[in-house]
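First the structure, in the form of structure tokens, and then the observations on it.
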Amino acid sequence: GLSDPALEAQIRDRLSFRRFAGFSLSDRTPDHSTLWRFREELTREHLIDKVFEEINRQLEAKGLIVKRGTLVDATFLQARGRPPKQPKKGHQGPVKPSADKDARWGKKSTFGYKMHIGVDQAHTIIRRVEASDASVTDTEPADQLICGDEKAAYGDQAYYTHARQDRLAEAGIKDRLMQRPNKHHPLTPRQKLRNRLIAKVRAAVERPFAVFKERYGMRRMRFFNLATNRTQCMLAACAYNLRTMIGVLRPPAERRA
């Protein structure tokens, strides 16, 4: 949750930050403009994706990605800038622009972005990340969150479509998407039970979002465009996966010993 100038100051002044980043007491440490340029370099041509993929390659080599199932979900992230006045339903005229040109209004009167993730069922390691403005529905990027090598895909009712059900069957992936009723076809008792059982499994996908918002300060995005905010989401996913790896390979009791 630190700004670039605040991170510059902490690396310069705190031994714990220097040690974590690999700097000795005599090393020069990066200033805030260097940190900014590094992030911009990661954003260009999606270089951050290669970093994320390499981390996950190493985690898979350690047997931490089991591929028993993928859990998909999305969360709203508020824009950094002050939101413009929300247009009324059916409004056709021009809307006052915001400082954040890529942010949009979504459901629940949230102005900003969405982070979409697909996590491995075993340890909630994040395997896929997508970012969008808040107006994008959960189901639109869902197919990109499913890797294709998992045995099952879990999601809430927002992800259920007949087309996606057919695609999962064709790929040999078990459909564990919660079914939704409509006015002509209410859910049967069997479907309701199925949804409850799926909900217990897919609930684990909320864990990364809780870490992002409570520990990483990501209730609100830090930048004024989608590309850089996407990089922030990817960096958060990298940090979360490394943090999860430590928790799995070295449980707290072992680390205290």
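Labels for the structure tokens follow display order: chains A, B, ..., residues from 1 in each chain, ligands from 1.
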
Item to check | Distance query segment 181-197 of chain A at most 9 Å, only C-alpha atoms, self and fewer than 5 positions along chain excluded, as a list in words | outcome: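 The filter keeps Asp156, Gln157 and Arg176 of chain A.
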
Output the selection as an mmCIF file, in the first residue's frame - N, CA, C and O atoms for each residue.
data_model
loop_
_atom_site.group_PDB
_atom_site.id
_atom_site.type_symbol
_atom_site.label_atom_id
_atom_site.label_comp_id
_atom_site.auth_asym_id
_atom_site.auth_seq_id
_atom_site.Cartn_x
_atom_site.Cartn_y
_atom_site.Cartn_z
ATOM 1 N N ASP A 156 -19.876 -19.027 -9.164
ATOM 2 C CA ASP A 156 -21.232 -18.744 -8.706
ATOM 3 C C ASP A 156 -22.177 -18.599 -9.900
ATOM 4 O O ASP A 156 -21.796 -18.812 -11.056
ATOM 5 N N GLN A 157 -23.403 -18.198 -9.635
ATOM 6 C CA GLN A 157 -24.434 -18.184 -10.671
ATOM 7 C C GLN A 157 -24.137 -17.212 -11.805
ATOM 8 O O GLN A 157 -24.643 -17.374 -12.916
ATOM 9 N N ARG A 176 -18.878 -27.257 -12.499
ATOM 10 C CA ARG A 176 -19.262 -27.006 -11.110
ATOM 11 C C ARG A 176 -19.655 -25.532 -10.959
ATOM 12 O O ARG A 176 -19.284 -24.871 -10.004
#

Item to check | All residues 12 Å or closer to Arg243 of chain A, only C-alpha atoms, same chain fewer than 6 positions away omitted, as a PyMOL selection string | outcome: chain A and resi 55+59+123-126+208+211-212+215+236-237+249-252

Next on the checklist: DSSP on the backbone: which residues in segment 175-253 of chain A end up as helix (DSSP H, G or I)? Give the answer as a PyMOL selection string.
Outcome noted: chain A and resi 189-214+226-249+252-253

Checklist entry - With distances taken over only C-alpha atoms, which of A:Ala21, A:Ala142, A:Cys238, A:Ala199 is nearest to Gln179 of chain A? => result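 Ranked by minimum distance to Gln179 of chain A, first place goes to A:Ala199.
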
Checklist entry - Expressed in Å to a single decimal, how great is the separation between atom CA of Lys67 of chain A and atom CA of Gly118 of chain A? => result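 Taking atom CA of Lys67 of chain A as the start and atom CA of Gly118 of chain A as the end point, the length is 11.3 Å.
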
Checklist entry - Do you know which residues are at most 7 Å from Ala74 of chain A counting only C-alpha atoms, after dropping those on the same chain fewer than 5 positions away, and could you put them as a PyMOL selection string? => result chain A and resi 114-117+138

Checklist entry - How many Å lie between atom CA of Asn225 of chain A and atom CA of Arg39 of chain A, rounded to one decimal? => result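 For atom CA of Asn225 of chain A relative to atom CA of Arg39 of chain A, the distance reads 13.2 Å.
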
Checklist entry - Any idea what's packed within 12 Å of Phe20 of chain A, counting only C-alpha atoms, ignoring anything in its chain fewer than 4 positions away? Could you give it as a list in words? => result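 Close residues of Phe20 of chain A: Gln10, Ile11, Arg14, Leu15, Ser16 and Ser24 of chain A.
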
Emit the selected residues as a CSV table (one decimal), in the first residue's frame, including N, CA, C and O atoms.
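Written output follows (selection-v9.csv):
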chain,number,residue,atom,x,y,z
A,10,GLN,N,11.3,4.1,2.8
A,10,GLN,CA,11.4,2.9,3.6
A,10,GLN,C,12.6,2.1,3.3
A,10,GLN,O,13.3,1.6,4.2
A,11,ILE,N,12.9,1.9,2.0
A,11,ILE,CA,14.0,1.1,1.6
A,11,ILE,C,15.3,1.8,2.0
A,11,ILE,O,16.3,1.1,2.4
A,14,ARG,N,15.0,1.7,6.4
A,14,ARG,CA,14.7,0.6,7.3
A,14,ARG,C,15.6,-0.6,6.9
A,14,ARG,O,15.6,-1.1,5.7
A,15,LEU,N,16.2,-1.3,7.9
A,15,LEU,CA,17.0,-2.4,7.6
A,15,LEU,C,16.2,-3.6,7.1
A,15,LEU,O,16.7,-4.3,6.2
A,16,SER,N,15.0,-3.8,7.6
A,16,SER,CA,14.2,-4.9,7.2
A,16,SER,C,13.8,-4.8,5.7
A,16,SER,O,13.8,-5.8,5.0
A,24,SER,N,22.7,-4.1,0.6
A,24,SER,CA,23.5,-3.9,1.8
A,24,SER,C,23.5,-2.5,2.3
A,24,SER,O,22.9,-1.6,1.6

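Closest approach to Ala134 of chain A among A:Gly155, A:Gly112, A:Gly148, A:Pro30: A:Gly112, based on only C-alpha atoms.
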